[in-house]
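Enquirer: Questions regarding the structure given below will be posed in turn.
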Amino acid sequence: MDQSFAIQETLSAGETCLLHTVQGILAAEEGMESRLLSLVESHGKSTICLYTHRRMAITAEDVGLDRVLLIQEGFSMEEVTLENDLQIPGSDVTVRITSGGASLLVRLPFGSHTQMFLREVRKRCGPGHKDAMAVDPERSTGGEVKATPRYGHRKHVTGPKTAREMVHSSHVPASEQAQGPSPRLCGQRDALIQSWLKQKEDSYTHLQSFRFFVGTYNVNGQSPREDLQPWLSQEGEPPDVYCVGFQELDLSKEAFFFNDTPKEEEWFKAVTQSLHPGAKYAKVKLVRLVGILLLLYVRTELAMNLSEVEAETVGTGIMGRMGNKGGVAIRFRFHNTTVCVLNAHLAAHPEEYERRNQEVQDICARMQFHQLEPGRPLLAINGHDVVLWLGDLNYRLEETDMERVKQLIRARNFQVLHQRDQLKIQMDAKLVFEGFQEGEISFQPTYRFNPGSDDWDHSEKCCVPAWCDRILWRGKTVSQLSYRSHPALKNSDHKPVSAVFDIGVKVVDEKRYRKAFEEIVRSLDKMENASIPSVTLSKMEFLFKDVKYLQLQGESFTICNGPVPCQFEFINKPSEDTYCKPWLIVKPREGFLLPDSKVVVELELFVNKSTATALNSGEDKLEDILVLHLDRGKDYFLSISGNYLPSCFGCPIQTLCYMKEPIREMLPEAVRELTLMPLLTDDAFRDEKPLDIPKELWMMVDHVYRNACHQEDLFQQPGLRPEFEQIRDWLDTGTLDVLGPVVGSNHSVAEALLLFLESLPEPVVCYKLYRSSLECANSYKMSSQVISALPKCHQNVFRYLVAFLRELLKHTGKNHLDVNILASIFGGLLLRPPPGHTEPGTVEKQKAQQFIQQFLCQEQSTA
């Protein structure tokens, strides 16, 4: 959450908060204290300002200035490793800041905001301070902290190097590393060495088993009130690695909309205190998305064998973004084996198994990790040697007879019951989790219990018991030792689940690695003077037919290399800033080919809200030329063409009001004229009278009003992709006057409505009135004047949607919607910042919510 807006409100004229504010932990005399750190430009001078703060700083009232550190001569900021800390790339960063005789020790969270903050501070320190610093614990004596440059800038240190240090990036052998910083091998040579080393990996590594504990627990929004040791430390032998995941950490609206919760710290402390007493553990990483939390620990003596730690999140809630459902993941390299641990919380309800399948596919497609090496491609889940997938996957039993299910549970006849398990059925049909395995289930279902007891659900829902909480894996060297539930914990309506694995990890032998490396270098030297590289392409012309909005189309071709190592890249055409049009993606964009090898290149064409309007109007066409460039070789030109089927998604409101026919039935020239028509404030400028609101908007709102006023989780649960595609086609072709029952679930229509509003090139509240709307968010009278200033068609749409939302609020007892939920969801759609505006922070989002909320509340009170 960006808290810099609160900081900016405290500043005077001429002072600017330059970056996202970073929240750190300050080592003070009174103990560890939280502080907000801001890089502030004040009348030409750079300062670091430290603020005390409330848990979530939203306005100036939530923060208080603690101290100001001027960046001037004598200022320094060094990354340090304290005596009890471990250097694990990807873990939190401790910095010592020295200014004007003051010295502060601050721990900052790992992540892009911290890295950007540190980078910008270094820029302002002058050339003498450009490198980050880190402590080498082997070189410190008598408690004295001695700093050496961190990661890639470390000074020469005598003493033996570990195998992990030697092959950290597989760029240079240990013999070269021991001589201090040496020029990095780059470009084609660097990539070829890595490729060949990967091929020869078996010649210089051996497998060594390490024990992994994996646990998952849906805590139903509760705070930790029980000892977690019966779950986390039942095994006699201490695990080497702990992977612990939670779901529904916090069910409050604040957590849902602002991703902020105090329960993260509560559960982190509870887990840390409950790890196996037979070993000491270091926290490597913590990542959270709303209520989905994942923790990674490793035994302290093994910590230096971890590297390349990265964390990512993917929300699969409504519109594919909201984080009430989705996944969080941590990936890392352990010795020479890559591991990805993923914690997911999927869609609820017995009938939604297809939606759960879709969410798994979305997580796999969108969960991509940055790599430490600059320029390296993003790494997907399936790019790891070992994948551990845990969480509340929410798959239920295809059995509605409660008494039969309970009878089978009492008889412990889990094998028969498991045949009715949705996840097993879907995996057996290869519809989800293909390539993954799950151990035999020999424990009773883990959901749904009356909280505080072992009794099955007696609530109004009276859910049939199910194995919602699961642990799966993929990897050739993984052996499961146990898979169990832990009914002793009664805090939640779920029971925690654990699995213990022996995982074979590739450990490097230094001598054999050096030998393989030197052989590769000698072979590469012989090729240096070889002939110019050349390739053959299996296809050079690509036609994409009948492309539709938000519907991916793909093509592929193969690059076959000749006898010379080859580096390829798709490059920008002259006078163009990108290598392809924004609706096209090439995977991979660049790469390296060994002699006589090949690679398959995927072309993905996808039209979204940012490209649809120009394609609708004809200003852009599905035409492009890709330039494939070979290093030291020639260029190849690939032709891309296709046709786009115009859609109401991406059309301006005014355009749609003047379209009496479905857009697909109109001539391209007519669509172009209406799309490019200037936004009119008065309909009298055209002879033809427009519709009051777009007919497509009316069809979706009318369907929801007639069929979904009582629908629980409306506008909070995503629809199904095939159903959205049907809805889009019906709106664009007019094959139905009304969206009937055949259209699919109410959730699909509701999400289509939100996607429609998101796709409008000019939002309902026009861009030019965005700032005015935020400024009068606390005044209904002034806000009404803003709406009155809108063009007539935009006014009509705004008032129509407000009236619709008020109708939904009349049924809150059934649909569980409230003013805050609707205002938060629709505030960001009806009121959007203009192009070029910075990403809205919490303050702006809350003001947009307030702007919409006052119309709902005011109209309700006067109804």
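How things are named: the first chain in the structure tokens is A, the next is B, and so on; residues count from 1 in each chain; ligands count from 1 in the order shown.
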Report as a list in words all protein, DNA and RNA residues lying within 9 Å of A:Leu697, evaluated on only C-alpha atoms, omitting residues in the same chain fewer than 3 positions from it.
Expert: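 Neighbouring residues, sequence-local ones excluded: Ile693, Pro694, Met700, Val701, Asp702, Leu753, Phe756, Leu757 and Val797 of chain A.
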Enquirer: Name the residues in contact with stretch 612-615 of chain A at a cut-off of 12 Å, using only C-alpha atoms, excluding same-chain residues fewer than 6 positions from it; report them as a PyMOL selection string.
Expert: chain A and resi 547-551+581-583+606+621-623+642-653+655+668+671-672+674-676+756+758-762
Enquirer: Can you write out the residues you just picked, keeping N, CA, C and O atoms, as a short mmCIF file (atom, residue, chain, number, x, y, z; two decimals), in the first residue's frame?
Expert:
```
data_model
loop_
_atom_site.label_atom_id
_atom_site.label_comp_id
_atom_site.auth_asym_id
_atom_site.auth_seq_id
_atom_site.Cartn_x
_atom_site.Cartn_y
_atom_site.Cartn_z
N VAL A 547 -10.54 -12.14 -35.02
CA VAL A 547 -10.07 -11.87 -33.66
C VAL A 547 -11.17 -11.14 -32.89
O VAL A 547 -11.80 -10.21 -33.41
N LYS A 548 -11.39 -11.54 -31.63
CA LYS A 548 -12.44 -10.95 -30.81
C LYS A 548 -11.84 -10.34 -29.54
O LYS A 548 -10.74 -10.71 -29.13
N TYR A 549 -12.61 -9.46 -28.92
CA TYR A 549 -12.17 -8.77 -27.71
C TYR A 549 -11.93 -9.78 -26.57
O TYR A 549 -12.76 -10.66 -26.31
N LEU A 550 -10.78 -9.66 -25.91
CA LEU A 550 -10.40 -10.50 -24.77
C LEU A 550 -10.45 -12.00 -25.11
O LEU A 550 -10.78 -12.82 -24.25
N GLN A 551 -10.11 -12.35 -26.33
CA GLN A 551 -10.06 -13.76 -26.71
C GLN A 551 -8.72 -14.03 -27.37
O GLN A 551 -8.47 -13.59 -28.49
N LYS A 581 3.34 -4.42 -32.41
CA LYS A 581 2.16 -3.67 -32.00
C LYS A 581 1.73 -4.11 -30.59
O LYS A 581 2.01 -5.24 -30.18
N PRO A 582 1.00 -3.25 -29.87
CA PRO A 582 0.67 -3.58 -28.47
C PRO A 582 -0.28 -4.77 -28.31
O PRO A 582 -0.39 -5.31 -27.21
N TRP A 583 -0.96 -5.19 -29.37
CA TRP A 583 -1.87 -6.34 -29.27
C TRP A 583 -1.15 -7.66 -29.53
O TRP A 583 -1.78 -8.72 -29.53
N PHE A 606 -3.80 -10.58 -28.62
CA PHE A 606 -4.80 -10.37 -27.58
C PHE A 606 -5.22 -8.91 -27.58
O PHE A 606 -4.40 -8.02 -27.37
N LYS A 621 -4.98 -1.42 -37.49
CA LYS A 621 -5.37 -2.68 -38.12
C LYS A 621 -4.46 -3.78 -37.61
O LYS A 621 -3.36 -3.52 -37.10
N LEU A 622 -4.93 -5.01 -37.73
CA LEU A 622 -4.11 -6.15 -37.32
C LEU A 622 -3.09 -6.45 -38.42
O LEU A 622 -3.19 -7.42 -39.16
N GLU A 623 -2.12 -5.57 -38.51
CA GLU A 623 -1.05 -5.70 -39.49
C GLU A 623 0.26 -5.28 -38.83
O GLU A 623 0.31 -4.25 -38.16
N GLY A 642 -4.43 -9.94 -39.99
CA GLY A 642 -5.65 -10.54 -39.45
C GLY A 642 -6.80 -9.57 -39.54
O GLY A 642 -6.66 -8.44 -40.03
N ASN A 643 -7.97 -10.00 -39.10
CA ASN A 643 -9.14 -9.12 -39.07
C ASN A 643 -9.76 -9.14 -37.68
O ASN A 643 -9.86 -10.19 -37.04
N TYR A 644 -10.15 -7.96 -37.22
CA TYR A 644 -10.75 -7.81 -35.89
C TYR A 644 -12.25 -7.61 -36.05
O TYR A 644 -12.70 -6.81 -36.86
N LEU A 645 -13.02 -8.35 -35.27
CA LEU A 645 -14.47 -8.21 -35.26
C LEU A 645 -14.85 -7.12 -34.26
O LEU A 645 -14.63 -7.28 -33.06
N PRO A 646 -15.39 -6.00 -34.74
CA PRO A 646 -15.69 -4.88 -33.84
C PRO A 646 -16.58 -5.30 -32.68
O PRO A 646 -17.41 -6.21 -32.80
N SER A 647 -16.40 -4.63 -31.55
CA SER A 647 -17.13 -4.99 -30.34
C SER A 647 -17.60 -3.74 -29.62
O SER A 647 -16.97 -2.68 -29.70
N CYS A 648 -18.72 -3.88 -28.90
CA CYS A 648 -19.17 -2.78 -28.05
C CYS A 648 -18.17 -2.52 -26.92
O CYS A 648 -18.11 -1.41 -26.39
N PHE A 649 -17.37 -3.53 -26.57
CA PHE A 649 -16.31 -3.33 -25.58
C PHE A 649 -15.21 -2.48 -26.21
O PHE A 649 -14.65 -2.83 -27.25
N GLY A 650 -14.91 -1.36 -25.59
CA GLY A 650 -13.91 -0.45 -26.14
C GLY A 650 -14.52 0.70 -26.92
O GLY A 650 -13.79 1.58 -27.39
N CYS A 651 -15.87 0.74 -27.07
CA CYS A 651 -16.53 1.85 -27.74
C CYS A 651 -16.89 2.94 -26.74
O CYS A 651 -17.28 2.65 -25.60
N PRO A 652 -16.82 4.20 -27.14
CA PRO A 652 -17.27 5.29 -26.25
C PRO A 652 -18.77 5.21 -25.98
O PRO A 652 -19.54 4.68 -26.79
N ILE A 653 -19.19 5.75 -24.85
CA ILE A 653 -20.61 5.76 -24.49
C ILE A 653 -21.43 6.46 -25.57
O ILE A 653 -22.49 5.98 -26.01
N THR A 655 -20.81 6.91 -28.72
CA THR A 655 -20.87 6.10 -29.94
C THR A 655 -21.97 5.05 -29.83
O THR A 655 -22.78 4.86 -30.74
N PRO A 668 -18.27 -0.67 -41.57
CA PRO A 668 -17.06 -0.15 -40.91
C PRO A 668 -16.96 1.37 -40.96
O PRO A 668 -16.50 1.99 -40.01
N VAL A 671 -19.15 2.83 -38.20
CA VAL A 671 -18.53 2.63 -36.88
C VAL A 671 -17.38 3.62 -36.70
O VAL A 671 -17.23 4.23 -35.62
N ARG A 672 -16.59 3.80 -37.74
CA ARG A 672 -15.46 4.72 -37.65
C ARG A 672 -15.94 6.14 -37.39
O ARG A 672 -15.41 6.84 -36.51
N LEU A 674 -18.74 7.24 -36.02
CA LEU A 674 -19.30 7.41 -34.68
C LEU A 674 -18.23 7.33 -33.60
O LEU A 674 -18.31 8.03 -32.59
N THR A 675 -17.24 6.47 -33.79
CA THR A 675 -16.18 6.32 -32.78
C THR A 675 -15.31 7.56 -32.71
O THR A 675 -14.85 7.96 -31.62
N LEU A 676 -15.04 8.19 -33.86
CA LEU A 676 -14.16 9.35 -33.90
C LEU A 676 -14.91 10.66 -33.67
O LEU A 676 -14.29 11.73 -33.64
N PHE A 756 -17.15 -4.19 -19.23
CA PHE A 756 -17.67 -3.20 -20.18
C PHE A 756 -17.33 -1.79 -19.70
O PHE A 756 -16.84 -0.95 -20.46
N GLU A 758 -15.01 -0.91 -17.62
CA GLU A 758 -13.55 -0.74 -17.63
C GLU A 758 -13.04 -0.45 -19.03
O GLU A 758 -12.04 0.25 -19.21
N SER A 759 -13.71 -0.98 -20.06
CA SER A 759 -13.23 -0.84 -21.43
C SER A 759 -13.57 0.50 -22.06
O SER A 759 -13.08 0.82 -23.14
N LEU A 760 -14.43 1.30 -21.43
CA LEU A 760 -14.82 2.59 -22.01
C LEU A 760 -13.60 3.48 -22.16
O LEU A 760 -12.88 3.75 -21.18
N PRO A 761 -13.31 3.97 -23.36
CA PRO A 761 -12.12 4.82 -23.53
C PRO A 761 -12.23 6.14 -22.77
O PRO A 761 -11.22 6.70 -22.35
N GLU A 762 -13.45 6.63 -22.59
CA GLU A 762 -13.71 7.79 -21.72
C GLU A 762 -14.63 7.30 -20.62
O GLU A 762 -15.74 6.84 -20.89
#
```
Enquirer: Rank A:Val500, A:Val106, A:Leu720, A:Cys49 by their smallest atom-to-atom distance to A:Glu237, using only C-alpha atoms, and report the top residue only.
Expert: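 Of A:Val500, A:Val106, A:Leu720, A:Cys49, the one nearest A:Glu237 is A:Val500, counting only C-alpha atoms.
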Enquirer: So which residues touch A:Pro662 within 6 Å, counting only C-alpha atoms, skipping near sequence neighbours fewer than 4 positions away, as a list of chain:residue names?
Expert: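 The filter keeps A:Asp732, A:Thr733, A:Gly734.
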Enquirer: Could you please take those selected residues and save N, CA and C atoms as an mmCIF file, in the first residue's frame?
Expert:
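Below you can see out30.cif, which holds the result:
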```cif
data_model
loop_
_atom_site.group_PDB
_atom_site.id
_atom_site.type_symbol
_atom_site.label_atom_id
_atom_site.label_comp_id
_atom_site.auth_asym_id
_atom_site.auth_seq_id
_atom_site.Cartn_x
_atom_site.Cartn_y
_atom_site.Cartn_z
ATOM 1 N N ASP A 732 -22.695 -8.037 -29.281
ATOM 2 C CA ASP A 732 -22.146 -7.483 -30.523
ATOM 3 C C ASP A 732 -22.958 -7.852 -31.757
ATOM 4 N N THR A 733 -23.690 -8.969 -31.680
ATOM 5 C CA THR A 733 -24.433 -9.425 -32.856
ATOM 6 C C THR A 733 -25.933 -9.224 -32.722
ATOM 7 N N GLY A 734 -26.423 -9.025 -31.503
ATOM 8 C CA GLY A 734 -27.842 -8.826 -31.312
ATOM 9 C C GLY A 734 -28.674 -10.044 -31.593
#
```
Enquirer: Identify, with DSSP run on backbone atoms, the residues in stretch 670-778 of chain A assigned to helix (DSSP H, G or I), and express the list as an MDAnalysis selection string.
Expert: chainID A and resid 670:675 683:685 695:707 721:733 741:743 746:759 767:775
Enquirer: Residues within 8 Å of stretch 340-342 of chain A, please, as a short mmCIF file (atom, residue, chain, number, x, y, z; two decimals) with N, CA, C and O atoms, in the first residue's frame. Count only C-alpha atoms; anything in the same chain fewer than 5 positions from it doesn't count.
Expert:
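File produced: selection-v3.cif:
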```cif
data_model
loop_
_atom_site.label_atom_id
_atom_site.label_comp_id
_atom_site.auth_asym_id
_atom_site.auth_seq_id
_atom_site.Cartn_x
_atom_site.Cartn_y
_atom_site.Cartn_z
N CYS A 243 7.45 -24.75 4.60
CA CYS A 243 6.61 -23.96 3.69
C CYS A 243 5.21 -23.96 4.31
O CYS A 243 4.52 -24.99 4.29
N LEU A 294 1.94 -16.83 2.72
CA LEU A 294 2.90 -17.92 2.58
C LEU A 294 4.20 -17.55 3.28
O LEU A 294 4.73 -16.45 3.08
N GLY A 327 -3.49 -16.62 -5.77
CA GLY A 327 -2.35 -17.37 -5.27
C GLY A 327 -1.15 -16.50 -4.98
O GLY A 327 -1.00 -15.41 -5.56
N VAL A 328 -0.33 -16.94 -4.04
CA VAL A 328 0.96 -16.30 -3.75
C VAL A 328 2.03 -17.37 -3.86
O VAL A 328 1.78 -18.55 -3.60
N ALA A 329 3.22 -16.98 -4.27
CA ALA A 329 4.27 -17.98 -4.50
C ALA A 329 5.63 -17.43 -4.13
O ALA A 329 5.88 -16.22 -4.22
N ILE A 330 6.49 -18.33 -3.72
CA ILE A 330 7.91 -18.03 -3.47
C ILE A 330 8.72 -19.04 -4.27
O ILE A 330 8.46 -20.24 -4.20
N ARG A 331 9.67 -18.55 -5.04
CA ARG A 331 10.57 -19.44 -5.75
C ARG A 331 12.00 -19.19 -5.29
O ARG A 331 12.36 -18.07 -4.86
N PHE A 332 12.84 -20.20 -5.36
CA PHE A 332 14.22 -20.06 -4.91
C PHE A 332 15.06 -21.18 -5.51
O PHE A 332 14.53 -22.18 -6.02
N ILE A 381 5.87 -20.90 -13.50
CA ILE A 381 5.82 -21.97 -12.50
C ILE A 381 6.43 -23.26 -13.04
O ILE A 381 7.22 -23.92 -12.36
N HIS A 384 10.43 -24.70 -13.08
CA HIS A 384 11.16 -25.11 -11.89
C HIS A 384 11.30 -26.62 -11.82
O HIS A 384 10.45 -27.36 -12.33
N VAL A 386 11.13 -28.41 -9.07
CA VAL A 386 10.17 -28.91 -8.07
C VAL A 386 9.10 -27.84 -7.85
O VAL A 386 9.44 -26.66 -7.69
N VAL A 387 7.83 -28.23 -7.86
CA VAL A 387 6.73 -27.33 -7.55
C VAL A 387 5.91 -27.96 -6.43
O VAL A 387 5.49 -29.12 -6.53
N LEU A 388 5.67 -27.21 -5.36
CA LEU A 388 4.83 -27.63 -4.25
C LEU A 388 3.62 -26.71 -4.21
O LEU A 388 3.77 -25.50 -4.04
N TRP A 389 2.42 -27.26 -4.39
CA TRP A 389 1.20 -26.46 -4.48
C TRP A 389 0.30 -26.83 -3.32
O TRP A 389 -0.14 -27.96 -3.19
N LEU A 390 0.00 -25.85 -2.47
CA LEU A 390 -0.82 -26.08 -1.28
C LEU A 390 -1.94 -25.07 -1.23
O LEU A 390 -1.94 -24.09 -1.99
#
```
Enquirer: Could you pull out the residues in stretch 374-472 of chain A that DSSP calls strand (DSSP E or B) from the backbone, as an NGL selection string?
Expert: :A and (379-380 or 386-392 or 397 or 421 or 437 or 447 or 449 or 456 or 466 or 469-472)
Enquirer: Just to be explicit: take each residue in the selection above, keep C-alpha atoms, and write the result as a compact mmCIF listing (two decimals), in the first residue's frame.
Expert:
```
# COMPACT_ATOMS: atom_id res chain seq x y z
CA LEU A 379 10.24 -17.49 -15.19
CA ALA A 380 6.95 -19.41 -15.07
CA VAL A 386 10.17 -28.91 -8.07
CA VAL A 387 6.73 -27.33 -7.55
CA LEU A 388 4.83 -27.63 -4.25
CA TRP A 389 1.20 -26.46 -4.48
CA LEU A 390 -0.82 -26.08 -1.28
CA GLY A 391 -3.94 -24.30 -0.15
CA ASP A 392 -7.69 -24.25 0.21
CA LEU A 397 -17.56 -34.02 -3.08
CA ASP A 421 -13.89 -36.03 -4.90
CA GLN A 437 0.59 -35.73 -7.97
CA TYR A 447 -14.16 -28.89 6.02
CA PHE A 449 -16.65 -27.95 11.19
CA TRP A 456 -19.61 -31.18 11.45
CA ALA A 466 -15.09 -32.13 1.82
CA ASP A 469 -7.40 -28.31 1.93
CA ARG A 470 -4.85 -30.08 -0.24
CA ILE A 471 -1.14 -30.41 -0.99
CA LEU A 472 0.10 -31.42 -4.46
```
